[in-house]
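One structure is given below, encoded as structure tokens.
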Amino acid sequence: MAAIDMNKEQLRKAMEGDKPVLVDFWAPWCGYCRRLGPAYEKIAEEYGDRLVAVKVNIDEEEQLARSEGVELIPTLILYKGGKAVDSVVNPGSKAAMDQFLQAALDS
Amino acid sequence: MGELHVYDMIVVGGGPGGYTAALYAARAGLDTLVLEKLSAGGQMALTEEIDNYPGYEAGIDGFTLGEKMQRQAERFGAKTAYAQVERMDLTASPKVLETSESIFYARTVVLATGADPRKLGLAEEEALTGRGVAYCAACDGMRYKGKTVVVVGGGNSAAADALILSRIAEKVILVHRRDTLRATKVYHAPLMQAGNIEFRWNSTVTALLHGDKVTGVRLKDVTTGAETELSCDGVFISVGRKPATELVRGQLELDRSGYIMADETTKTNLPGVYAVGDVRTKPLRQVVTAVADGATAVHMAEEYLAGGV
């Protein structure tokens, strides 16, 4: 499944579901964020049965980014039961995202 | 267990050199796979505007150009795996590439792993890249027309960058940690004669001052330890490049700086292994020279696969 663009309200609903939620906080002007895009879509596809992959544009959701403590982008945060369990800033490869997720999903 | 899938060609790295090799290989009917750790484009994926790649008269951003090259190669059947290569055996037959995704096998390998500018390692250096921090005067210099820029470094690339910028910017301040340049003599007179280049000898940059963008740097005099602040609009970091050749060290001949030894044919010391783009020993590292290498490598690989050398 492809990563889904969400606003604050949609994200709140997604967090009520059974699956962990992975959020990519990004912005259109951020070069590092664009570079992460294709591999993040691959992650969304490969982990589709274990989590919901979401994208949040911090220009449109400033308040949400602030309340989640996102200072640098791209930042990936994994939520379980609505709680942030782990995060990673600007992973340098798909392999780095895999490593982050494998540890965070098992924690 | 099924038979091993052996690709005719595996390209390591999805920058302009890599995807051009993939394009030529796919069009030549070779079963071709590109291994890319993150996204197409390589170094140029972070370049906001490329104005020296012919055919894009209005300029194009590097990320988009990278994606276009990927799609063009894939249109002819090249495949991409988002995989980080962990180990390679380039002498085996077929050649073996162990990655974060799985193990791949190939008859020929094109190394297009590129090089990265060396960083100063300052806090927020990455976050400010493109917002005042730059690594390529020829690429990003035009944005500083009439402004004040700092160039960090004392070698040939720093001297060349300072000269390029002196023709664009209002003022250039060259910061070097020694009291003389390491750059070859040919650069010294032009630097002195430029008229708008100042020198801060025996100095290192200890911090980037910024709001949304860079507003200045903090300098430390390495002889006295005194710190000063300097305002500027941009900081060009010209302290060299680091080729991504750790995985082939011991298998391929490298030069003293770590680049893969290969001439214009792109052939390395191992049969069926080619080096293209910035990772190869060459006089000019640009998108146009990388794509040329990609085409050449496939020509050489076709000869090799046909039983020649």
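Labeling convention for the structure tokens: chains A, B, ... as they appear, residues from 1 per chain, ligands from 1 in order of appearance.
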
query: What residues in chain B lie within 7 Å of chain A, counting only C-alpha atoms, written as a ChimeraX atom specification?
result: /B:37-39,45-46,82-84,100

Hey, can you spit out that residue selection with C-alpha atoms as an mmCIF file, in the first residue's frame?
```cif
data_model
loop_
_atom_site.group_PDB
_atom_site.id
_atom_site.type_symbol
_atom_site.label_atom_id
_atom_site.label_comp_id
_atom_site.auth_asym_id
_atom_site.auth_seq_id
_atom_site.Cartn_x
_atom_site.Cartn_y
_atom_site.Cartn_z
ATOM 1 C CA LYS B 37 20.577 2.653 -1.335
ATOM 2 C CA LEU B 38 18.093 5.531 -1.251
ATOM 3 C CA SER B 39 16.986 7.332 -4.410
ATOM 4 C CA ALA B 45 19.686 14.817 -5.940
ATOM 5 C CA LEU B 46 20.467 17.576 -3.440
ATOM 6 C CA TYR B 82 16.692 -0.216 -3.108
ATOM 7 C CA ALA B 83 19.521 -2.119 -1.528
ATOM 8 C CA GLN B 84 22.679 -1.213 0.317
ATOM 9 C CA SER B 100 20.688 -5.482 2.724
#
```

Which of range 152-275 of chain B DSSP labels strand (DSSP E), written as an NGL selection string: :B and (152 or 171-175 or 197-200 or 203-210 or 214-221 or 227-231 or 234-237 or 241-243 or 273-275)

task: Once DSSP has gone over the backbone, tell me which residues of range 97-282 of chain B are in helix (DSSP H, G or I), as a PyMOL selection string.
output: chain B and resi 137-144+156-166+185-193+246-248+277-279

message: Under the rule that only C-alpha atoms are counted, which of A:Arg12, A:Lys19, A:Arg66, A:Lys83 is the nearest residue to Val52 in chain A?
response: A:Lys19

Quick one: everything within 12 Å of Ala112 in chain B, counting only C-alpha atoms, minus sequence neighbours fewer than 3 positions away in the same chain. Send it as a compact mmCIF listing (two decimals) with C-alpha atoms, in the first residue's frame.
```
# COMPACT_ATOMS: atom_id res chain seq x y z
CA ILE B 10 24.65 -4.96 -12.07
CA VAL B 11 25.19 -1.24 -11.61
CA VAL B 12 26.07 -0.14 -8.09
CA GLY B 13 24.77 3.39 -7.52
CA GLY B 14 21.84 5.23 -9.12
CA GLY B 15 23.42 8.58 -9.98
CA PRO B 16 23.76 9.92 -13.53
CA GLY B 17 26.68 7.59 -14.40
CA GLY B 18 24.86 4.55 -13.03
CA TYR B 19 21.51 5.13 -14.74
CA THR B 20 23.18 6.01 -18.05
CA ALA B 21 25.01 2.68 -17.92
CA ALA B 22 21.66 1.01 -17.14
CA VAL B 34 20.67 -1.03 -10.50
CA LEU B 35 21.37 -1.24 -6.77
CA GLU B 36 20.58 2.09 -5.09
CA ALA B 40 18.07 8.10 -7.95
CA GLY B 41 20.39 11.02 -8.63
CA GLY B 42 23.27 10.51 -6.24
CA GLN B 43 24.97 13.77 -5.25
CA VAL B 109 29.61 -4.94 -12.55
CA ALA B 115 31.99 10.58 -4.00
CA PRO B 243 35.09 8.51 -2.89
CA ALA B 244 32.79 5.66 -1.81
CA THR B 245 35.30 2.85 -2.36
CA VAL B 248 36.29 -2.52 -3.15
CA TYR B 259 39.48 6.78 -6.32
CA ILE B 260 39.23 3.66 -8.52
CA THR B 266 36.31 2.86 -17.46
CA VAL B 273 34.36 -4.56 -13.69
CA TYR B 274 34.02 -0.90 -14.69
CA ALA B 275 34.14 2.39 -12.78
CA VAL B 276 32.05 5.36 -13.92
CA GLY B 277 31.45 8.90 -12.75
CA ASP B 278 32.96 10.59 -9.71
CA VAL B 279 34.39 7.38 -8.25
CA ARG B 280 36.85 7.02 -11.14
CA ALA B 290 29.54 10.84 -15.52
CA VAL B 291 26.92 10.07 -18.18
CA ASP B 293 31.39 7.15 -18.62
CA GLY B 294 28.15 5.19 -18.29
CA ALA B 297 31.31 1.18 -19.70
```

message: Quick check, in Å to one decimal: how far apart do CA of Ala81 in chain B and CA of Val21 in chain A lie?
response: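 Going from CA of Ala81 in chain B over to CA of Val21 in chain A covers 24.8 Å.
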
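For the atom pair formed by CA of Ala27 in chain A and CA of Asn57 in chain A, the distance is 5.2 Å, given to one decimal.
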
message: Using only C-alpha atoms, which protein or nucleic acid residues come within 9 Å of Leu105 in chain A? Drop anything in the same chain fewer than 5 positions from it, and give the result as a PyMOL selection string.
response: chain A and resi 20+50-51+78+80+85+100

- request: Determine the nearest neighbour of Arg27 in chain B from the options B:Arg75, B:Arg118, B:Lys220, B:His5, counting only C-alpha atoms.
  value: B:Arg75

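Compared by their closest atoms to Gly82 in chain A, and using only C-alpha atoms, the residues A:Glu68, A:Asp49, A:Lys55, A:Asp106 rank with A:Glu68 nearest.
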
field: Residues within 10 Å of range 148-155 of chain B, only C-alpha atoms, excluding chain neighbours under 3 positions, as a PyMOL selection string
entry: chain B and resi 120+132-135+137+141+144-145+158-162+165-166+168-184+187+196-201+203-205+216-217+230-240

message: If I take CA of Trp26 in chain A and CA of Glu67 in chain B, how far is one from the other in Å, to one decimal?
response: 18.9 Å

- request: Extract, using only C-alpha atoms, all DNA, RNA and protein residues at most 8 Å from range 59-65 of chain A, discarding same-chain residues fewer than 6 positions from it, and format them as a ChimeraX atom specification.
  value: /A:7-8,25,27,71

Residues of the last selection are to be written out with C-alpha atoms, as a compact mmCIF listing (two decimals), in the first residue's frame.
```
# COMPACT_ATOMS: atom_id res chain seq x y z
CA ASN A 7 -3.74 15.87 8.47
CA LYS A 8 -3.95 15.99 12.25
CA PHE A 25 7.31 14.38 8.63
CA ALA A 27 8.06 19.42 3.46
CA GLU A 71 12.59 20.11 14.71
```
